>>> print(open('work_5.txt').read())   # compact mmCIF, C-alpha atoms
# COMPACT_ATOMS: atom_id res chain seq x y z
CA MET A 149 0.00 0.00 0.00
CA ILE A 150 2.79 2.41 0.94
CA ALA A 151 4.57 1.65 -2.34
CA GLY A 152 1.36 2.29 -4.25
CA VAL A 153 0.81 5.65 -2.54
CA ALA A 154 4.44 6.65 -3.15
CA THR A 155 4.13 5.73 -6.83
CA ALA A 156 0.92 7.73 -7.16
CA ILE A 157 2.51 10.77 -5.51
CA ALA A 158 5.63 10.51 -7.71
CA LEU A 159 3.53 10.26 -10.86
CA GLY A 160 1.35 13.16 -9.72
CA VAL A 161 4.38 15.37 -9.08
CA LYS A 162 5.84 14.57 -12.51
CA ARG A 163 2.59 15.39 -14.29
CA SER A 164 1.97 18.53 -12.22
CA VAL A 165 5.41 19.81 -13.19
CA TYR A 166 4.39 19.29 -16.81
CA SER A 167 1.23 21.31 -16.27
CA ASN A 168 2.79 24.44 -14.77
CA GLU A 169 6.53 24.03 -15.46
CA ALA A 170 7.40 25.41 -12.02
CA GLY A 171 11.14 25.19 -11.43
CA GLN A 172 11.99 24.22 -15.00
CA GLY A 173 13.34 27.60 -16.11
CA THR A 174 10.92 28.05 -19.02
CA GLY A 175 9.19 31.06 -17.45
CA PRO A 176 11.89 33.75 -17.86
CA GLN A 177 11.72 33.67 -21.66
CA ALA A 178 8.04 34.58 -21.70
CA SER A 179 8.36 36.93 -18.72
CA SER A 180 11.16 38.84 -20.44
CA ASP A 181 8.61 40.16 -22.93
CA ALA A 182 6.35 41.54 -20.20
CA GLU A 183 6.33 45.30 -19.64
CA VAL A 184 6.35 45.91 -15.88
CA SER A 185 7.77 48.63 -13.66
CA HIS A 186 9.06 46.16 -11.05
CA PRO A 187 10.23 42.53 -11.51
CA ALA A 188 8.23 41.40 -8.47
CA LYS A 189 5.01 42.16 -10.35
CA GLN A 190 5.81 39.62 -13.05
CA GLY A 191 6.99 37.22 -10.38
CA PHE A 192 3.52 37.29 -8.81
CA VAL A 193 1.96 36.62 -12.21
CA GLN A 194 4.21 33.59 -12.76
CA ALA A 195 3.47 32.26 -9.27
CA PHE A 196 -0.28 32.67 -9.77
CA SER A 197 -0.14 30.70 -13.01
CA VAL A 198 1.07 27.64 -11.06
CA TYR A 199 -2.11 27.66 -8.98
CA VAL A 200 -4.35 28.17 -12.00
CA ASP A 201 -2.72 25.37 -14.01
CA THR A 202 -2.31 22.71 -11.35
CA LEU A 203 -4.69 23.41 -8.48
CA PHE A 204 -7.58 24.54 -10.67
CA VAL A 205 -7.43 22.99 -14.15
CA CYS A 206 -5.59 19.73 -13.43
CA SER A 207 -7.21 19.11 -10.04
CA ALA A 208 -10.66 19.72 -11.52
CA THR A 209 -9.91 17.19 -14.26
CA GLY A 210 -8.67 14.63 -11.75
CA PHE A 211 -11.71 15.03 -9.50
CA MET A 212 -14.01 14.74 -12.51
CA ILE A 213 -12.37 11.46 -13.56
CA MET A 214 -12.54 10.00 -10.04
CA MET A 215 -16.12 11.09 -9.29
CA THR A 216 -17.40 9.62 -12.56
CA GLY A 217 -15.35 6.42 -12.14
CA SER A 218 -13.77 6.93 -15.56
CA TYR A 219 -10.51 5.12 -14.93
CA ASN A 220 -8.73 1.79 -14.73
CA THR A 221 -5.89 0.98 -12.34
CA TYR A 222 -3.02 -1.37 -13.19
CA TYR A 223 -0.01 -2.74 -11.37
CA GLU A 224 3.05 -0.75 -12.39
CA GLY A 225 4.88 -2.29 -15.33
CA SER A 226 2.22 -4.91 -16.06
CA GLU A 227 -1.24 -5.30 -17.54
CA LYS A 228 -2.67 -6.85 -14.36
CA VAL A 229 -5.81 -4.93 -13.43
CA ILE A 230 -6.49 -3.63 -9.92
CA VAL A 231 -9.62 -1.61 -10.74
CA GLU A 232 -11.41 -1.90 -14.07
CA ASN A 233 -14.22 0.61 -14.51
CA LEU A 234 -13.71 0.87 -18.26
CA PRO A 235 -13.15 -2.65 -19.65
CA GLN A 236 -13.22 -1.32 -23.22
CA LEU A 237 -10.02 0.64 -22.57
CA GLY A 238 -6.55 -0.82 -22.15
CA ILE A 239 -3.18 0.48 -20.96
CA PRO A 240 -2.44 2.36 -24.22
CA ASP A 241 -5.64 4.37 -23.67
CA ILE A 242 -4.56 5.74 -20.30
CA GLY A 243 -4.82 9.53 -20.26
CA PRO A 244 -7.08 11.55 -22.59
CA ALA A 245 -9.54 8.66 -23.01
CA TYR A 246 -10.36 8.85 -19.29
CA THR A 247 -11.11 12.57 -19.55
CA GLN A 248 -13.18 12.03 -22.68
CA HIS A 249 -15.26 9.35 -20.99
CA ALA A 250 -15.69 11.52 -17.85
CA VAL A 251 -17.01 14.48 -19.84
CA ASP A 252 -19.15 12.14 -21.92
CA THR A 253 -20.90 10.84 -18.80
CA LEU A 254 -22.01 14.38 -18.02
CA ILE A 255 -22.67 15.59 -21.57
CA PRO A 256 -23.33 12.49 -23.70
CA GLY A 257 -22.05 12.66 -27.25
CA PHE A 258 -20.03 15.81 -26.59
CA GLY A 259 -17.17 14.79 -24.30
CA SER A 260 -14.94 12.96 -26.77
CA ALA A 261 -15.10 15.70 -29.42
CA PHE A 262 -14.63 18.49 -26.89
CA VAL A 263 -11.54 16.93 -25.28
CA ALA A 264 -10.04 16.07 -28.69
CA VAL A 265 -10.40 19.68 -29.91
CA ALA A 266 -9.08 21.04 -26.61
CA LEU A 267 -6.05 18.73 -26.77
CA PHE A 268 -5.34 19.84 -30.33
CA PHE A 269 -5.17 23.48 -29.31
CA PHE A 270 -3.23 22.70 -26.12
CA ALA A 271 -0.67 20.70 -28.12
CA PHE A 272 -0.39 23.37 -30.81
CA THR A 273 0.11 26.25 -28.37
CA THR A 274 2.59 24.16 -26.36
CA LEU A 275 4.68 23.49 -29.46
CA MET A 276 4.64 27.19 -30.36
CA ALA A 277 5.64 28.16 -26.81
CA TYR A 278 8.47 25.63 -26.67
CA TYR A 279 9.76 26.74 -30.05
CA TYR A 280 9.70 30.37 -28.92
CA ILE A 281 11.60 29.48 -25.74
CA ALA A 282 14.17 27.48 -27.72
CA GLU A 283 14.67 30.28 -30.27
CA VAL A 284 15.10 32.93 -27.55
CA ASN A 285 17.74 30.80 -25.82
CA LEU A 286 19.51 29.97 -29.07
CA THR A 287 19.56 33.61 -30.19
CA TYR A 288 21.04 34.66 -26.86
CA LEU A 289 23.78 32.02 -27.00
CA VAL A 290 24.65 32.70 -30.65
CA LYS A 291 24.88 36.45 -30.10
CA LYS A 292 26.97 35.94 -26.97
CA PHE A 293 29.54 33.77 -28.76
CA ASN A 294 29.25 35.38 -32.19
CA LYS A 295 30.13 38.97 -31.29
CA GLY A 296 26.54 40.14 -31.09
CA ASN A 297 25.46 38.74 -34.45
CA SER A 298 22.54 36.34 -34.85
CA SER A 299 22.70 33.28 -37.06
CA GLU A 300 19.96 32.38 -39.55
CA THR A 301 21.58 28.97 -40.08
CA ALA A 302 21.31 28.11 -36.38
CA THR A 303 17.65 29.18 -36.37
CA ASN A 304 16.85 27.04 -39.41
CA ILE A 305 18.55 24.02 -37.81
CA LEU A 306 16.43 24.57 -34.69
CA ARG A 307 13.25 24.68 -36.79
CA PHE A 308 14.20 21.41 -38.48
CA VAL A 309 14.88 19.74 -35.11
CA ILE A 310 11.53 20.92 -33.72
CA LEU A 311 9.65 19.61 -36.77
CA PHE A 312 11.54 16.31 -36.69
CA MET A 313 10.87 15.74 -32.99
CA THR A 314 7.19 16.60 -33.45
CA ALA A 315 6.86 14.09 -36.30
CA TYR A 316 8.87 11.47 -34.39
CA GLY A 317 6.63 11.86 -31.34
CA CYS A 318 3.52 11.37 -33.48
CA ILE A 319 4.56 7.97 -34.77
CA LYS A 320 6.01 6.57 -31.55
CA SER A 321 4.22 5.30 -28.47
CA ALA A 322 2.93 7.60 -25.75
CA ALA A 323 5.07 5.72 -23.21
CA LEU A 324 8.24 6.65 -25.10
CA ALA A 325 7.13 10.28 -25.36
CA TRP A 326 6.48 10.45 -21.60
CA ALA A 327 9.82 8.77 -20.83
CA MET A 328 11.75 11.24 -23.02
CA GLY A 329 9.77 14.12 -21.54
CA ASP A 330 10.45 13.00 -17.97
CA LEU A 331 14.16 12.73 -18.72
CA GLY A 332 14.30 16.19 -20.29
CA VAL A 333 12.25 17.82 -17.55
CA GLY A 334 14.36 16.17 -14.86
CA LEU A 335 17.65 17.38 -16.35
CA MET A 336 16.28 20.87 -16.92
CA ALA A 337 14.77 21.16 -13.45
CA TRP A 338 17.93 20.11 -11.63
CA LEU A 339 20.03 22.68 -13.50
CA ASN A 340 17.45 25.39 -12.93
CA LEU A 341 17.07 24.61 -9.22
CA ILE A 342 20.80 25.24 -8.80
CA ALA A 343 20.38 28.63 -10.52
CA ILE A 344 17.38 29.42 -8.30
CA ALA A 345 19.42 28.66 -5.18
CA LEU A 346 22.22 30.94 -6.36
CA LEU A 347 19.81 33.77 -7.22
CA SER A 348 17.54 33.40 -4.18
CA ASN A 349 19.19 36.33 -2.37
CA ILE A 350 18.44 38.64 -5.31
CA VAL A 351 14.83 37.45 -5.44
CA ILE A 352 14.37 38.19 -1.73
CA LYS A 353 15.81 41.69 -2.20
CA CYS A 354 13.39 42.38 -5.06
CA PHE A 355 10.44 41.10 -3.04
CA LYS A 356 11.34 43.13 0.06
CA ASP A 357 11.81 46.26 -2.07
CA TYR A 358 8.33 45.77 -3.54
CA GLU A 359 6.84 45.25 -0.07
CA ARG A 360 8.63 48.36 1.25
CA GLN A 361 7.13 50.53 -1.47
CA MET A 362 3.68 49.03 -0.87
CA LYS A 363 3.92 49.85 2.87
CA LEU A 364 4.85 53.44 1.99
CA GLY A 365 1.50 53.74 0.24
CA ILE A 366 2.89 54.04 -3.27
CA PRO A 367 0.22 53.02 -5.84
CA ARG A 368 0.96 49.74 -7.60
CA ASP A 369 1.22 51.46 -10.99
CA GLU A 370 3.88 53.84 -9.66
CA ILE A 371 6.12 51.27 -7.95
CA THR A 372 9.52 51.23 -9.68
CA PHE A 373 12.70 49.22 -9.41
CA ASP A 374 16.25 50.50 -9.02
CA PRO A 375 18.83 47.71 -8.54
CA THR A 376 21.74 49.97 -7.50
CA PRO A 377 20.57 50.89 -3.95
CA LEU A 378 19.75 47.23 -3.36
CA GLY A 379 23.29 46.14 -4.22
CA ILE A 380 22.12 44.09 -7.21
CA LYS A 381 24.79 44.07 -9.92
CA ASN A 382 24.69 43.34 -13.66
CA ALA A 383 20.99 44.25 -13.93
CA THR A 384 21.79 46.31 -17.03
CA PHE A 385 18.21 46.46 -18.32
CA TRP A 386 16.91 48.04 -15.12
CA GLU A 387 19.97 50.28 -14.76
CA ASP A 388 19.42 51.65 -18.28
CA ARG A 389 15.73 52.09 -17.56
CA VAL A 390 16.44 54.10 -14.41
CA ALA A 391 18.99 56.23 -16.29
CA ASN A 392 16.54 56.93 -19.13
CA SER A 393 13.79 57.94 -16.69
CA GLN A 394 16.14 60.33 -14.92
CA ASN A 395 17.19 61.95 -18.21
CA LYS A 396 13.59 62.67 -19.28
>>> encode(input="work_5.txt", output="structure tokens")
Amino acid sequence: MIAGVATAIALGVKRSVYSNEAGQGTGPQASSDAEVSHPAKQGFVQAFSVYVDTLFVCSATGFMIMMTGSYNTYYEGSEKVIVENLPQLGIPDIGPAYTQHAVDTLIPGFGSAFVAVALFFFAFTTLMAYYYIAEVNLTYLVKKFNKGNSSETATNILRFVILFMTAYGCIKSAALAWAMGDLGVGLMAWLNLIAIALLSNIVIKCFKDYERQMKLGIPRDEITFDPTPLGIKNATFWEDRVANSQNK
């Protein structure tokens, strides 16, 4: 029983990380395009998205599947059934088919089509987001090591790799896709957690500066960020922004 609970928790953590990407390091690329007067503001937005993705959307889906009994349970690594509520579905159907059946029990004839369309748009937007993140990172690295010049060749190679991996994932099993995804997420998360630990002091300084201005009664729209008094170095974007505001 303990092993079963531990396995369920481990699988839940892995899938929840997929849903919100907390700790993976994929948030800064999108956040860098946000126009805010203080970095803590965007930090709150990113933190709130974790609750929306996991605690609201994914938890609601999980509760819906459990309350409608739209699931089967198997022993790990085998086809031996523990609970079989849907005998027409096998191990390869684990996942979206459960959600489709759950919605179908509430809205007959609509659930399967609705979930299929939703998954299409989720998959499409996820691919676009991952490509954007990859291109931002690649452009930064190329410019850093290529004297500030971008490389169209490197971008085209990235596009080919993205298209190839998308096509490869479509023709292979879901189990292989999850295994490759778990490996990639694990490697990425460990590297990013080290960076988070190293930058934690800076994050705390930013948060305390935001709180200080809030306690002074400064309206949220007028809260600004100046890294120099806080002892934060190499924040060139914010340093330039402060300099430009002072020159106006």
>>> atom_distance(input="work_5.txt", atom1="CA of Pro244 (chain A)", atom2="CA of Ser260 (chain A)")
9.0 Å
>>> axis_aligned_box(input="work_5.txt", around="region 329-336 of chain A", padding_each_side="8 Å", output="AutoDock Vina command-line options")
--center_x 13.7 --center_y 16.8 --center_z -18.2 --size_x 23.9 --size_y 24.1 --size_z 22.7
>>> closest_residue(input="work_5.txt", among="A:Arg307, A:Lys228, A:His186, A:Arg389", to="Met362 (chain A)", atoms="all atoms listed in the file")
A:His186
>>> residues_around(input="work_5.txt", residues="Gly173 (chain A)", least_positions_apart="3", cutoff="12 Å", atoms="only C-alpha atoms", output="PyMOL selection string")
chain A and resi 165+168-170+176-179+194+278+281-282+285+333-344
>>> closest_residue(input="work_5.txt", among="A:Leu331, A:Ile366, A:Leu378, A:Ala322", to="Lys353 (chain A)", atoms="all atoms listed in the file")
A:Leu378
>>> closest_residue(input="work_5.txt", among="A:Ser207, A:Ile230, A:Ala188, A:Gly243", to="Trp326 (chain A)", atoms="all atoms listed in the file")
A:Gly243
>>> residues_near_point(input="work_5.txt", point="(10.5, 24.5, -33.8)", cutoff="10 Å", atoms="all atoms listed in the file", output="PyMOL selection string")
chain A and resi 275-283+303-314
>>> atom_distance(input="work_5.txt", atom1="CA of Leu347 (chain A)", atom2="CA of Tyr288 (chain A)")
19.7 Å
>>> atom_distance(input="work_5.txt", atom1="CA of Ala195 (chain A)", atom2="CA of Thr273 (chain A)")
20.3 Å
>>> closest_residue(input="work_5.txt", among="A:Thr247, A:Thr376, A:Thr253, A:Ser185", to="Ala208 (chain A)", atoms="only C-alpha atoms")
A:Thr247
>>> closest_residue(input="work_5.txt", among="A:Asn220, A:Phe204, A:Val251, A:Ala315", to="Leu237 (chain A)", atoms="all atoms listed in the file")
A:Asn220
>>> closest_residue(input="work_5.txt", among="A:Tyr246, A:Ala271, A:Ser180, A:Thr372", to="Glu387 (chain A)", atoms="all atoms listed in the file")
A:Thr372
>>> residues_around(input="work_5.txt", residues="region 232-236 of chain A", least_positions_apart="5", cutoff="7 Å", atoms="all atoms listed in the file", output="PDB file with C-alpha atoms, in the frame of the given file")
ATOM      1  CA  GLY A 217     -15.350   6.420 -12.140  1.00  0.00           C
ATOM      2  CA  SER A 218     -13.770   6.930 -15.560  1.00  0.00           C
ATOM      3  CA  TYR A 219     -10.510   5.120 -14.930  1.00  0.00           C
ATOM      4  CA  ASN A 220      -8.730   1.790 -14.730  1.00  0.00           C
ATOM      5  CA  THR A 221      -5.890   0.980 -12.340  1.00  0.00           C
TER       6      THR A 221
END
